[in-house]
$ cat work.cif   # mmCIF, C-alpha atoms and all ligand atoms; chains and numbers go by the auth columns
data_final
#
loop_
_atom_site.group_PDB
_atom_site.id
_atom_site.type_symbol
_atom_site.label_atom_id
_atom_site.label_comp_id
_atom_site.label_asym_id
_atom_site.label_seq_id
_atom_site.Cartn_x
_atom_site.Cartn_y
_atom_site.Cartn_z
_atom_site.B_iso_or_equiv
_atom_site.auth_seq_id
_atom_site.auth_asym_id
ATOM 1 C CA MET A 1 -18.518 -75.059 -54.540 0.00 147 K
ATOM 2 C CA SER A 2 -20.814 -74.308 -51.580 0.00 148 K
ATOM 3 C CA VAL A 3 -21.864 -70.863 -50.378 0.00 149 K
ATOM 4 C CA ALA A 4 -19.663 -71.437 -47.309 0.00 150 K
ATOM 5 C CA GLU A 5 -16.608 -72.172 -49.464 0.00 151 K
ATOM 6 C CA GLY A 6 -17.330 -69.278 -51.807 0.00 152 K
ATOM 7 C CA LEU A 7 -17.794 -66.830 -48.975 0.00 153 K
ATOM 8 C CA ALA A 8 -14.649 -68.010 -47.165 0.00 154 K
ATOM 9 C CA SER A 9 -12.606 -67.709 -50.327 0.00 155 K
ATOM 10 C CA VAL A 10 -13.888 -64.193 -51.103 0.00 156 K
ATOM 11 C CA ARG A 11 -13.250 -63.043 -47.520 0.00 157 K
ATOM 12 C CA ASP A 12 -9.726 -64.399 -47.820 0.00 158 K
ATOM 13 C CA ARG A 13 -9.180 -62.593 -51.141 0.00 159 K
ATOM 14 C CA ILE A 14 -10.401 -59.325 -49.585 0.00 160 K
ATOM 15 C CA ALA A 15 -8.089 -59.737 -46.585 0.00 161 K
ATOM 16 C CA ARG A 16 -5.074 -60.440 -48.799 0.00 162 K
ATOM 17 C CA ALA A 17 -5.816 -57.594 -51.193 0.00 163 K
ATOM 18 C CA ALA A 18 -6.283 -55.165 -48.297 0.00 164 K
ATOM 19 C CA ALA A 19 -2.986 -56.293 -46.750 0.00 165 K
ATOM 20 C CA ALA A 20 -1.224 -55.892 -50.107 0.00 166 K
ATOM 21 C CA ALA A 21 -2.596 -52.346 -50.379 0.00 167 K
ATOM 22 C CA SER A 22 -1.754 -51.540 -46.718 0.00 168 K
ATOM 23 C CA ARG A 23 -5.431 -51.041 -46.021 0.00 169 K
ATOM 24 C CA ASP A 24 -7.584 -52.178 -43.104 0.00 170 K
ATOM 25 C CA PRO A 25 -9.806 -55.026 -44.407 0.00 171 K
ATOM 26 C CA ALA A 26 -12.570 -53.647 -42.175 0.00 172 K
ATOM 27 C CA ASP A 27 -12.706 -50.650 -44.530 0.00 173 K
ATOM 28 C CA VAL A 28 -13.809 -52.882 -47.421 0.00 174 K
ATOM 29 C CA LYS A 29 -17.402 -54.043 -47.108 0.00 175 K
ATOM 30 C CA LEU A 30 -18.479 -57.137 -48.979 0.00 176 K
ATOM 31 C CA VAL A 31 -21.863 -56.895 -50.686 0.00 177 K
ATOM 32 C CA ALA A 32 -22.966 -60.416 -51.654 0.00 178 K
ATOM 33 C CA VAL A 33 -24.824 -60.119 -54.960 0.00 179 K
ATOM 34 C CA SER A 34 -27.731 -62.552 -54.735 0.00 180 K
ATOM 35 C CA LYS A 35 -29.634 -61.706 -57.948 0.00 181 K
ATOM 36 C CA GLY A 36 -31.130 -64.780 -59.547 0.00 182 K
ATOM 37 C CA LYS A 37 -30.326 -66.896 -56.486 0.00 183 K
ATOM 38 C CA PRO A 38 -32.884 -68.296 -54.034 0.00 184 K
ATOM 39 C CA ALA A 39 -33.578 -66.863 -50.600 0.00 185 K
ATOM 40 C CA ALA A 40 -32.249 -70.116 -49.090 0.00 186 K
ATOM 41 C CA MET A 41 -28.758 -69.253 -50.320 0.00 187 K
ATOM 42 C CA ILE A 42 -29.029 -65.822 -48.717 0.00 188 K
ATOM 43 C CA ARG A 43 -29.963 -67.515 -45.435 0.00 189 K
ATOM 44 C CA GLU A 44 -26.880 -69.696 -45.754 0.00 190 K
ATOM 45 C CA ALA A 45 -24.614 -66.686 -46.189 0.00 191 K
ATOM 46 C CA TYR A 46 -26.439 -64.862 -43.386 0.00 192 K
ATOM 47 C CA ALA A 47 -25.782 -67.776 -41.022 0.00 193 K
ATOM 48 C CA LEU A 48 -22.087 -67.284 -41.792 0.00 194 K
ATOM 49 C CA GLY A 49 -22.231 -63.635 -40.776 0.00 195 K
ATOM 50 C CA GLN A 50 -22.905 -61.964 -44.131 0.00 196 K
ATOM 51 C CA ARG A 51 -25.315 -59.029 -43.755 0.00 197 K
ATOM 52 C CA ASP A 52 -25.038 -56.927 -46.927 0.00 198 K
ATOM 53 C CA PHE A 53 -26.750 -58.276 -50.038 0.00 199 K
ATOM 54 C CA GLY A 54 -27.105 -56.769 -53.513 0.00 200 K
ATOM 55 C CA GLU A 55 -30.070 -57.110 -55.849 0.00 201 K
ATOM 56 C CA ASN A 56 -30.583 -55.765 -59.374 0.00 202 K
ATOM 57 C CA TYR A 57 -34.335 -55.899 -59.866 0.00 203 K
ATOM 58 C CA ALA A 58 -36.883 -54.005 -57.781 0.00 204 K
ATOM 59 C CA GLN A 59 -39.414 -56.814 -57.817 0.00 205 K
ATOM 60 C CA GLU A 60 -36.898 -59.507 -56.879 0.00 206 K
ATOM 61 C CA LEU A 61 -35.589 -57.265 -54.100 0.00 207 K
ATOM 62 C CA THR A 62 -39.086 -56.680 -52.719 0.00 208 K
ATOM 63 C CA GLU A 63 -39.946 -60.390 -52.824 0.00 209 K
ATOM 64 C CA LYS A 64 -36.731 -61.483 -51.142 0.00 210 K
ATOM 65 C CA ALA A 65 -36.942 -58.770 -48.500 0.00 211 K
ATOM 66 C CA ALA A 66 -40.444 -60.026 -47.644 0.00 212 K
ATOM 67 C CA GLU A 67 -39.325 -63.664 -47.639 0.00 213 K
ATOM 68 C CA LEU A 68 -36.398 -62.826 -45.366 0.00 214 K
ATOM 69 C CA ALA A 69 -38.168 -60.320 -43.117 0.00 215 K
ATOM 70 C CA ASP A 70 -37.345 -62.522 -40.113 0.00 216 K
ATOM 71 C CA LEU A 71 -33.667 -61.532 -40.579 0.00 217 K
ATOM 72 C CA PRO A 72 -34.009 -57.968 -39.306 0.00 218 K
ATOM 73 C CA ASP A 73 -30.458 -56.740 -39.822 0.00 219 K
ATOM 74 C CA VAL A 74 -30.042 -57.632 -43.505 0.00 220 K
ATOM 75 C CA ALA A 75 -28.810 -54.574 -45.414 0.00 221 K
ATOM 76 C CA TRP A 76 -30.167 -54.558 -48.978 0.00 222 K
ATOM 77 C CA HIS A 77 -28.184 -52.783 -51.647 0.00 223 K
ATOM 78 C CA PHE A 78 -29.963 -51.888 -54.871 0.00 224 K
ATOM 79 C CA ILE A 79 -27.386 -52.223 -57.649 0.00 225 K
ATOM 80 C CA GLY A 80 -29.460 -52.498 -60.841 0.00 226 K
ATOM 81 C CA HIS A 81 -30.754 -49.876 -63.212 0.00 227 K
ATOM 82 C CA LEU A 82 -33.513 -48.085 -61.329 0.00 228 K
ATOM 83 C CA GLN A 83 -36.611 -46.994 -63.207 0.00 229 K
ATOM 84 C CA SER A 84 -38.517 -44.082 -61.711 0.00 230 K
ATOM 85 C CA ASN A 85 -41.724 -46.119 -61.410 0.00 231 K
ATOM 86 C CA LYS A 86 -39.903 -48.592 -59.138 0.00 232 K
ATOM 87 C CA ALA A 87 -38.313 -45.949 -56.910 0.00 233 K
ATOM 88 C CA ARG A 88 -40.974 -46.270 -54.218 0.00 234 K
ATOM 89 C CA HIS A 89 -40.464 -50.037 -53.837 0.00 235 K
ATOM 90 C CA VAL A 90 -36.720 -49.647 -53.630 0.00 236 K
ATOM 91 C CA ALA A 91 -36.924 -46.722 -51.184 0.00 237 K
ATOM 92 C CA ARG A 92 -39.057 -48.874 -48.907 0.00 238 K
ATOM 93 C CA VAL A 93 -36.518 -51.669 -48.390 0.00 239 K
ATOM 94 C CA ALA A 94 -33.065 -50.512 -49.486 0.00 240 K
ATOM 95 C CA HIS A 95 -30.214 -49.705 -47.102 0.00 241 K
ATOM 96 C CA LEU A 96 -28.154 -48.181 -49.934 0.00 242 K
ATOM 97 C CA VAL A 97 -29.249 -47.340 -53.479 0.00 243 K
ATOM 98 C CA GLN A 98 -26.037 -47.573 -55.499 0.00 244 K
ATOM 99 C CA THR A 99 -27.296 -46.611 -58.938 0.00 245 K
ATOM 100 C CA VAL A 100 -28.709 -43.092 -58.995 0.00 246 K
ATOM 101 C CA ASP A 101 -27.781 -41.967 -62.501 0.00 247 K
ATOM 102 C CA SER A 102 -29.846 -38.913 -63.437 0.00 248 K
ATOM 103 C CA PRO A 103 -31.111 -35.738 -61.750 0.00 249 K
ATOM 104 C CA ALA A 104 -34.701 -36.833 -62.544 0.00 250 K
ATOM 105 C CA LEU A 105 -34.156 -40.143 -60.749 0.00 251 K
ATOM 106 C CA ALA A 106 -32.612 -38.338 -57.765 0.00 252 K
ATOM 107 C CA ARG A 107 -35.719 -36.146 -57.533 0.00 253 K
ATOM 108 C CA GLU A 108 -38.100 -39.097 -57.838 0.00 254 K
ATOM 109 C CA LEU A 109 -36.205 -41.196 -55.301 0.00 255 K
ATOM 110 C CA GLY A 110 -36.046 -38.230 -52.932 0.00 256 K
ATOM 111 C CA LYS A 111 -39.809 -37.791 -53.190 0.00 257 K
ATOM 112 C CA ARG A 112 -40.491 -41.498 -52.707 0.00 258 K
ATOM 113 C CA ALA A 113 -38.061 -41.755 -49.802 0.00 259 K
ATOM 114 C CA LYS A 114 -39.956 -38.912 -48.130 0.00 260 K
ATOM 115 C CA GLY A 115 -43.154 -40.897 -48.629 0.00 261 K
ATOM 116 C CA GLU A 116 -41.497 -43.832 -46.882 0.00 262 K
ATOM 117 C CA GLY A 117 -40.701 -41.763 -43.807 0.00 263 K
ATOM 118 C CA TYR A 118 -37.270 -40.406 -44.689 0.00 264 K
ATOM 119 C CA GLY A 119 -36.427 -36.756 -44.157 0.00 265 K
ATOM 120 C CA ASP A 120 -36.160 -34.803 -40.887 0.00 266 K
ATOM 121 C CA GLY A 121 -32.714 -36.163 -40.144 0.00 267 K
ATOM 122 C CA LYS A 122 -33.344 -39.730 -41.294 0.00 268 K
ATOM 123 C CA THR A 123 -31.943 -40.214 -44.772 0.00 269 K
ATOM 124 C CA LEU A 124 -31.813 -42.876 -47.452 0.00 270 K
ATOM 125 C CA ALA A 125 -28.182 -43.422 -48.463 0.00 271 K
ATOM 126 C CA VAL A 126 -27.343 -43.339 -52.169 0.00 272 K
ATOM 127 C CA LEU A 127 -24.393 -43.597 -54.524 0.00 273 K
ATOM 128 C CA ILE A 128 -24.151 -41.978 -57.928 0.00 274 K
ATOM 129 C CA GLU A 129 -23.427 -44.445 -60.726 0.00 275 K
ATOM 130 C CA VAL A 130 -20.868 -43.073 -63.143 0.00 276 K
ATOM 131 C CA ASN A 131 -20.221 -44.427 -66.627 0.00 277 K
ATOM 132 C CA VAL A 132 -16.548 -43.490 -66.556 0.00 278 K
ATOM 133 C CA GLY A 133 -15.689 -45.022 -69.910 0.00 279 K
ATOM 134 C CA GLY A 134 -18.682 -43.495 -71.685 0.00 280 K
ATOM 135 C CA GLU A 135 -19.664 -46.974 -72.925 0.00 281 K
ATOM 136 C CA ALA A 136 -22.936 -46.686 -74.847 0.00 282 K
ATOM 137 C CA GLN A 137 -24.478 -49.899 -73.476 0.00 283 K
ATOM 138 C CA LYS A 138 -23.900 -48.888 -69.856 0.00 284 K
ATOM 139 C CA HIS A 139 -25.998 -46.839 -67.486 0.00 285 K
ATOM 140 C CA GLY A 140 -24.553 -44.096 -65.341 0.00 286 K
ATOM 141 C CA ALA A 141 -23.950 -40.382 -65.383 0.00 287 K
ATOM 142 C CA SER A 142 -21.061 -39.162 -67.503 0.00 288 K
ATOM 143 C CA PRO A 143 -18.063 -37.670 -65.661 0.00 289 K
ATOM 144 C CA ALA A 144 -19.064 -34.268 -67.071 0.00 290 K
ATOM 145 C CA GLU A 145 -22.532 -34.566 -65.520 0.00 291 K
ATOM 146 C CA LEU A 146 -21.238 -35.523 -62.083 0.00 292 K
ATOM 147 C CA GLY A 147 -21.297 -32.007 -60.605 0.00 293 K
ATOM 148 C CA GLU A 148 -24.922 -31.567 -61.623 0.00 294 K
ATOM 149 C CA MET A 149 -25.754 -35.037 -60.247 0.00 295 K
ATOM 150 C CA ILE A 150 -24.148 -34.263 -56.901 0.00 296 K
ATOM 151 C CA ALA A 151 -26.157 -31.051 -56.690 0.00 297 K
ATOM 152 C CA ALA A 152 -29.383 -32.897 -57.567 0.00 298 K
ATOM 153 C CA VAL A 153 -28.877 -35.545 -54.864 0.00 299 K
ATOM 154 C CA SER A 154 -27.749 -32.970 -52.299 0.00 300 K
ATOM 155 C CA ALA A 155 -30.930 -30.950 -52.934 0.00 301 K
ATOM 156 C CA GLU A 156 -33.059 -33.882 -51.689 0.00 302 K
ATOM 157 C CA PRO A 157 -33.465 -33.698 -47.900 0.00 303 K
ATOM 158 C CA ALA A 158 -34.543 -37.356 -47.735 0.00 304 K
ATOM 159 C CA LEU A 159 -31.368 -38.583 -49.479 0.00 305 K
ATOM 160 C CA ALA A 160 -27.774 -38.721 -48.246 0.00 306 K
ATOM 161 C CA LEU A 161 -25.013 -38.890 -50.831 0.00 307 K
ATOM 162 C CA ARG A 162 -22.404 -41.427 -49.748 0.00 308 K
ATOM 163 C CA GLY A 163 -20.192 -41.824 -52.812 0.00 309 K
ATOM 164 C CA LEU A 164 -19.709 -43.236 -56.289 0.00 310 K
ATOM 165 C CA MET A 165 -20.231 -46.539 -58.067 0.00 311 K
ATOM 166 C CA THR A 166 -19.221 -47.854 -61.468 0.00 312 K
ATOM 167 C CA MET A 167 -19.623 -51.011 -63.558 0.00 313 K
ATOM 168 C CA PRO A 168 -16.166 -51.940 -64.862 0.00 314 K
ATOM 169 C CA PRO A 169 -15.361 -53.314 -68.312 0.00 315 K
ATOM 170 C CA HIS A 170 -14.535 -57.060 -68.411 0.00 316 K
ATOM 171 C CA ASP A 171 -10.916 -56.555 -69.402 0.00 317 K
ATOM 172 C CA LEU A 172 -8.874 -56.250 -66.205 0.00 318 K
ATOM 173 C CA GLU A 173 -6.541 -53.496 -67.404 0.00 319 K
ATOM 174 C CA ALA A 174 -9.525 -51.494 -68.636 0.00 320 K
ATOM 175 C CA ALA A 175 -11.212 -52.147 -65.282 0.00 321 K
ATOM 176 C CA ARG A 176 -8.174 -50.745 -63.483 0.00 322 K
ATOM 177 C CA ARG A 177 -8.300 -47.597 -65.601 0.00 323 K
ATOM 178 C CA ALA A 178 -12.024 -47.228 -64.881 0.00 324 K
ATOM 179 C CA PHE A 179 -11.458 -47.604 -61.116 0.00 325 K
ATOM 180 C CA GLU A 180 -8.620 -45.087 -61.184 0.00 326 K
ATOM 181 C CA ALA A 181 -10.792 -42.690 -63.174 0.00 327 K
ATOM 182 C CA LEU A 182 -13.595 -43.011 -60.611 0.00 328 K
ATOM 183 C CA ALA A 183 -11.154 -42.460 -57.730 0.00 329 K
ATOM 184 C CA SER A 184 -9.883 -39.289 -59.404 0.00 330 K
ATOM 185 C CA LEU A 185 -13.466 -38.067 -59.882 0.00 331 K
ATOM 186 C CA GLN A 186 -13.927 -38.636 -56.159 0.00 332 K
ATOM 187 C CA GLY A 187 -10.868 -36.440 -55.590 0.00 333 K
ATOM 188 C CA LEU A 188 -12.169 -33.745 -57.933 0.00 334 K
ATOM 189 C CA HIS A 189 -15.564 -33.589 -56.232 0.00 335 K
ATOM 190 C CA GLY A 190 -14.649 -33.185 -52.596 0.00 336 K
ATOM 191 C CA GLY A 191 -12.672 -36.331 -51.847 0.00 337 K
ATOM 192 C CA ARG A 192 -13.475 -38.854 -49.180 0.00 338 K
ATOM 193 C CA ALA A 193 -14.910 -36.213 -46.856 0.00 339 K
ATOM 194 C CA ARG A 194 -17.789 -35.637 -49.249 0.00 340 K
ATOM 195 C CA LEU A 195 -17.874 -38.966 -51.123 0.00 341 K
ATOM 196 C CA PRO A 196 -16.611 -41.590 -48.667 0.00 342 K
ATOM 197 C CA GLU A 197 -17.736 -44.708 -50.540 0.00 343 K
ATOM 198 C CA LEU A 198 -16.337 -46.182 -53.752 0.00 344 K
ATOM 199 C CA SER A 199 -18.285 -49.222 -54.971 0.00 345 K
ATOM 200 C CA ILE A 200 -16.003 -50.679 -57.616 0.00 346 K
ATOM 201 C CA GLY A 201 -15.117 -54.373 -57.418 0.00 347 K
ATOM 202 C CA MET A 202 -16.746 -57.606 -58.627 0.00 348 K
ATOM 203 C CA SER A 203 -15.816 -61.316 -58.672 0.00 349 K
ATOM 204 C CA ASP A 204 -13.015 -61.007 -61.237 0.00 350 K
ATOM 205 C CA ASP A 205 -11.464 -57.693 -60.285 0.00 351 K
ATOM 206 C CA LEU A 206 -11.932 -57.193 -56.548 0.00 352 K
ATOM 207 C CA GLU A 207 -8.174 -57.196 -55.858 0.00 353 K
ATOM 208 C CA ILE A 208 -7.645 -54.387 -58.374 0.00 354 K
ATOM 209 C CA ALA A 209 -10.615 -52.503 -56.923 0.00 355 K
ATOM 210 C CA ILE A 210 -9.242 -52.735 -53.380 0.00 356 K
ATOM 211 C CA ALA A 211 -5.880 -51.452 -54.591 0.00 357 K
ATOM 212 C CA CYS A 212 -7.749 -48.507 -56.171 0.00 358 K
ATOM 213 C CA GLY A 213 -9.612 -47.609 -52.958 0.00 359 K
ATOM 214 C CA ALA A 214 -12.820 -49.695 -53.005 0.00 360 K
ATOM 215 C CA THR A 215 -14.871 -49.420 -49.817 0.00 361 K
ATOM 216 C CA LEU A 216 -17.623 -51.663 -51.230 0.00 362 K
ATOM 217 C CA VAL A 217 -17.105 -54.719 -53.423 0.00 363 K
ATOM 218 C CA ARG A 218 -20.119 -56.338 -55.092 0.00 364 K
ATOM 219 C CA VAL A 219 -19.479 -60.043 -55.502 0.00 365 K
ATOM 220 C CA GLY A 220 -21.952 -62.566 -56.918 0.00 366 K
ATOM 221 C CA THR A 221 -20.468 -65.449 -58.897 0.00 367 K
ATOM 222 C CA ALA A 222 -17.498 -66.074 -56.593 0.00 368 K
ATOM 223 C CA ILE A 223 -19.893 -66.592 -53.642 0.00 369 K
ATOM 224 C CA PHE A 224 -23.086 -68.062 -55.094 0.00 370 K
ATOM 225 C CA GLY A 225 -21.786 -69.661 -58.291 0.00 371 K
ATOM 226 C CA ALA A 226 -22.528 -68.915 -61.936 0.00 372 K
ATOM 227 C CA ARG A 227 -25.915 -67.478 -62.846 0.00 373 K
HETATM 228 C C1 LIG B . -24.237 -58.927 -61.115 0.00 401 K
HETATM 229 C C2 LIG B . -23.550 -57.732 -60.624 0.00 401 K
HETATM 230 C C3 LIG B . -22.409 -57.820 -59.814 0.00 401 K
HETATM 231 C C4 LIG B . -21.758 -59.134 -59.430 0.00 401 K
HETATM 232 O O1 LIG B . -21.057 -59.659 -60.514 0.00 401 K
HETATM 233 P P1 LIG B . -20.169 -60.981 -60.358 0.00 401 K
HETATM 234 O O2 LIG B . -19.282 -60.942 -61.544 0.00 401 K
HETATM 235 O O3 LIG B . -21.136 -62.129 -60.392 0.00 401 K
HETATM 236 O O4 LIG B . -19.435 -60.908 -59.086 0.00 401 K
HETATM 237 C C5 LIG B . -21.857 -56.639 -59.335 0.00 401 K
HETATM 238 N N1 LIG B . -22.386 -55.449 -59.633 0.00 401 K
HETATM 239 C C6 LIG B . -23.468 -55.319 -60.422 0.00 401 K
HETATM 240 C C7 LIG B . -23.992 -53.955 -60.705 0.00 401 K
HETATM 241 C C8 LIG B . -24.067 -56.448 -60.947 0.00 401 K
HETATM 242 O O5 LIG B . -25.123 -56.302 -61.747 0.00 401 K
#
$ encode --input "work.cif" --output "structure tokens"
Amino acid sequence: MSVAEGLASVRDRIARAAAAASRDPADVKLVAVSKGKPAAMIREAYALGQRDFGENYAQELTEKAAELADLPDVAWHFIGHLQSNKARHVARVAHLVQTVDSPALARELGKRAKGEGYGDGKTLAVLIEVNVGGEAQKHGASPAELGEMIAAVSAEPALALRGLMTMPPHDLEAARRAFEALASLQGLHGGRARLPELSIGMSDDLEIAIACGATLVRVGTAIFGAR
């Protein structure tokens, strides 16, 4: 399967799932997850109109952003576990940091974003990653910590809180429950007015995610092939 075929098929799946959920497909943004894949594949997707790309590792993100600096309107999404010592690199290139998962990281990213020229009205957009199922091997704030997390991000003038993200379990029914749980946390903490974005779908479960209110789907394998 080529990148062109993968991208066309994922766009079609998004359109169908949005129609089935009576949602506008324009309200679901596709983030093409390019981790582990060469810059040439990103160029291929870019030539087909894809602009949002997701990367998991700060170093890989920095290298690809440099390699693709001639594509000025690429929007890089950081979707991996972010270590504080990498916050500066990510703040420099990211359009949206989807994985803020502790008050300490929010403070560090806020400080680094300031160092990169954010603040005074210009903000770095972030999502809070929530571990809705409390799975031990997963990163993310617990649902109980979410209020404190929201306060920590909101206290950083260089950051703008845009919503919530979660990594679903593999099992599709469990994924649905996780997405529904995240959507109800969104409702509990100010709703779409305060937390407009829900980043909740991947290659296997994007239809379920769109039915549950996804505004961002993060799709790797179904576009770029197996890693
Ligand atoms: C790798 C990754 C994805 C994409 O997963 P696929 O199953 O390949 O679509 C999405 N989100 C995160 C956080 C990832 O690490």
$ resolve_selection --input "work.cif" --expression "the PyMOL selection byres (((not hetatm)) within 10 of (chain K and resi 401))" --output "mmCIF file with C-alpha atoms, keeping the file's coordinate frame"
data_model
loop_
_atom_site.group_PDB
_atom_site.id
_atom_site.type_symbol
_atom_site.label_atom_id
_atom_site.label_comp_id
_atom_site.auth_asym_id
_atom_site.auth_seq_id
_atom_site.Cartn_x
_atom_site.Cartn_y
_atom_site.Cartn_z
ATOM 1 C CA VAL K 177 -21.863 -56.895 -50.686
ATOM 2 C CA ALA K 178 -22.966 -60.416 -51.654
ATOM 3 C CA VAL K 179 -24.824 -60.119 -54.960
ATOM 4 C CA SER K 180 -27.731 -62.552 -54.735
ATOM 5 C CA LYS K 181 -29.634 -61.706 -57.948
ATOM 6 C CA GLY K 182 -31.130 -64.780 -59.547
ATOM 7 C CA GLY K 200 -27.105 -56.769 -53.513
ATOM 8 C CA GLU K 201 -30.070 -57.110 -55.849
ATOM 9 C CA ASN K 202 -30.583 -55.765 -59.374
ATOM 10 C CA TYR K 203 -34.335 -55.899 -59.866
ATOM 11 C CA PHE K 224 -29.963 -51.888 -54.871
ATOM 12 C CA ILE K 225 -27.386 -52.223 -57.649
ATOM 13 C CA GLY K 226 -29.460 -52.498 -60.841
ATOM 14 C CA HIS K 227 -30.754 -49.876 -63.212
ATOM 15 C CA GLN K 244 -26.037 -47.573 -55.499
ATOM 16 C CA THR K 245 -27.296 -46.611 -58.938
ATOM 17 C CA GLU K 275 -23.427 -44.445 -60.726
ATOM 18 C CA MET K 311 -20.231 -46.539 -58.067
ATOM 19 C CA THR K 312 -19.221 -47.854 -61.468
ATOM 20 C CA MET K 313 -19.623 -51.011 -63.558
ATOM 21 C CA PRO K 314 -16.166 -51.940 -64.862
ATOM 22 C CA HIS K 316 -14.535 -57.060 -68.411
ATOM 23 C CA SER K 345 -18.285 -49.222 -54.971
ATOM 24 C CA ILE K 346 -16.003 -50.679 -57.616
ATOM 25 C CA GLY K 347 -15.117 -54.373 -57.418
ATOM 26 C CA MET K 348 -16.746 -57.606 -58.627
ATOM 27 C CA SER K 349 -15.816 -61.316 -58.672
ATOM 28 C CA ASP K 350 -13.015 -61.007 -61.237
ATOM 29 C CA ASP K 351 -11.464 -57.693 -60.285
ATOM 30 C CA LEU K 352 -11.932 -57.193 -56.548
ATOM 31 C CA VAL K 363 -17.105 -54.719 -53.423
ATOM 32 C CA ARG K 364 -20.119 -56.338 -55.092
ATOM 33 C CA VAL K 365 -19.479 -60.043 -55.502
ATOM 34 C CA GLY K 366 -21.952 -62.566 -56.918
ATOM 35 C CA THR K 367 -20.468 -65.449 -58.897
ATOM 36 C CA ALA K 368 -17.498 -66.074 -56.593
ATOM 37 C CA ILE K 369 -19.893 -66.592 -53.642
ATOM 38 C CA PHE K 370 -23.086 -68.062 -55.094
ATOM 39 C CA GLY K 371 -21.786 -69.661 -58.291
ATOM 40 C CA ALA K 372 -22.528 -68.915 -61.936
ATOM 41 C CA ARG K 373 -25.915 -67.478 -62.846
#
$ resolve_selection --input "work.cif" --expression "the PyMOL selection byres (((chain K and resi 153) around 9) and not hetatm)" --output "PDB file with C-alpha atoms, keeping the file's coordinate frame"
ATOM      1  CA  SER K 148     -20.814 -74.308 -51.580  1.00  0.00           C
ATOM      2  CA  VAL K 149     -21.864 -70.863 -50.378  1.00  0.00           C
ATOM      3  CA  ALA K 150     -19.663 -71.437 -47.309  1.00  0.00           C
ATOM      4  CA  GLU K 151     -16.608 -72.172 -49.464  1.00  0.00           C
ATOM      5  CA  GLY K 152     -17.330 -69.278 -51.807  1.00  0.00           C
ATOM      6  CA  ALA K 154     -14.649 -68.010 -47.165  1.00  0.00           C
ATOM      7  CA  SER K 155     -12.606 -67.709 -50.327  1.00  0.00           C
ATOM      8  CA  VAL K 156     -13.888 -64.193 -51.103  1.00  0.00           C
ATOM      9  CA  ARG K 157     -13.250 -63.043 -47.520  1.00  0.00           C
ATOM     10  CA  ASP K 158      -9.726 -64.399 -47.820  1.00  0.00           C
ATOM     11  CA  ALA K 178     -22.966 -60.416 -51.654  1.00  0.00           C
ATOM     12  CA  ALA K 191     -24.614 -66.686 -46.189  1.00  0.00           C
ATOM     13  CA  LEU K 194     -22.087 -67.284 -41.792  1.00  0.00           C
ATOM     14  CA  GLN K 196     -22.905 -61.964 -44.131  1.00  0.00           C
ATOM     15  CA  ALA K 368     -17.498 -66.074 -56.593  1.00  0.00           C
ATOM     16  CA  ILE K 369     -19.893 -66.592 -53.642  1.00  0.00           C
ATOM     17  CA  PHE K 370     -23.086 -68.062 -55.094  1.00  0.00           C
TER      18      PHE K 370
END
$ residues_near_point --input "work.cif" --point "(-33.0, -49.0, -43.9)" --cutoff "12 Å" --atoms "all atoms listed in the file" --output "PDB file with C-alpha atoms, in the frame of the given file"
ATOM      1  CA  ASP K 198     -25.038 -56.927 -46.927  1.00  0.00           C
ATOM      2  CA  ALA K 211     -36.942 -58.770 -48.500  1.00  0.00           C
ATOM      3  CA  PRO K 218     -34.009 -57.968 -39.306  1.00  0.00           C
ATOM      4  CA  ASP K 219     -30.458 -56.740 -39.822  1.00  0.00           C
ATOM      5  CA  VAL K 220     -30.042 -57.632 -43.505  1.00  0.00           C
ATOM      6  CA  ALA K 221     -28.810 -54.574 -45.414  1.00  0.00           C
ATOM      7  CA  TRP K 222     -30.167 -54.558 -48.978  1.00  0.00           C
ATOM      8  CA  HIS K 223     -28.184 -52.783 -51.647  1.00  0.00           C
ATOM      9  CA  PHE K 224     -29.963 -51.888 -54.871  1.00  0.00           C
ATOM     10  CA  VAL K 236     -36.720 -49.647 -53.630  1.00  0.00           C
ATOM     11  CA  ALA K 237     -36.924 -46.722 -51.184  1.00  0.00           C
ATOM     12  CA  ARG K 238     -39.057 -48.874 -48.907  1.00  0.00           C
ATOM     13  CA  VAL K 239     -36.518 -51.669 -48.390  1.00  0.00           C
ATOM     14  CA  ALA K 240     -33.065 -50.512 -49.486  1.00  0.00           C
ATOM     15  CA  HIS K 241     -30.214 -49.705 -47.102  1.00  0.00           C
ATOM     16  CA  LEU K 242     -28.154 -48.181 -49.934  1.00  0.00           C
ATOM     17  CA  VAL K 243     -29.249 -47.340 -53.479  1.00  0.00           C
ATOM     18  CA  ALA K 259     -38.061 -41.755 -49.802  1.00  0.00           C
ATOM     19  CA  GLU K 262     -41.497 -43.832 -46.882  1.00  0.00           C
ATOM     20  CA  GLY K 263     -40.701 -41.763 -43.807  1.00  0.00           C
ATOM     21  CA  TYR K 264     -37.270 -40.406 -44.689  1.00  0.00           C
ATOM     22  CA  LYS K 268     -33.344 -39.730 -41.294  1.00  0.00           C
ATOM     23  CA  THR K 269     -31.943 -40.214 -44.772  1.00  0.00           C
ATOM     24  CA  LEU K 270     -31.813 -42.876 -47.452  1.00  0.00           C
ATOM     25  CA  ALA K 271     -28.182 -43.422 -48.463  1.00  0.00           C
ATOM     26  CA  VAL K 272     -27.343 -43.339 -52.169  1.00  0.00           C
ATOM     27  CA  LEU K 305     -31.368 -38.583 -49.479  1.00  0.00           C
TER      28      LEU K 305
END
$ resolve_selection --input "work.cif" --expression "the PyMOL selection byres (((chain K and resi 359) around 9) and not hetatm)" --output "JSON, numbers by chain"
{"K": [167, 169, 174, 325, 326, 329, 343, 344, 346, 354, 355, 356, 357, 358, 360, 361]}
$ residues_around --input "work.cif" --residues "Gly279 of chain K" --least-positions-apart "4" --cutoff "9 Å" --atoms "all atoms listed in the file" --output "list in words"
Ser288, Pro289, Pro314, Pro315, Arg323, Ala324 and Ala327 of chain K
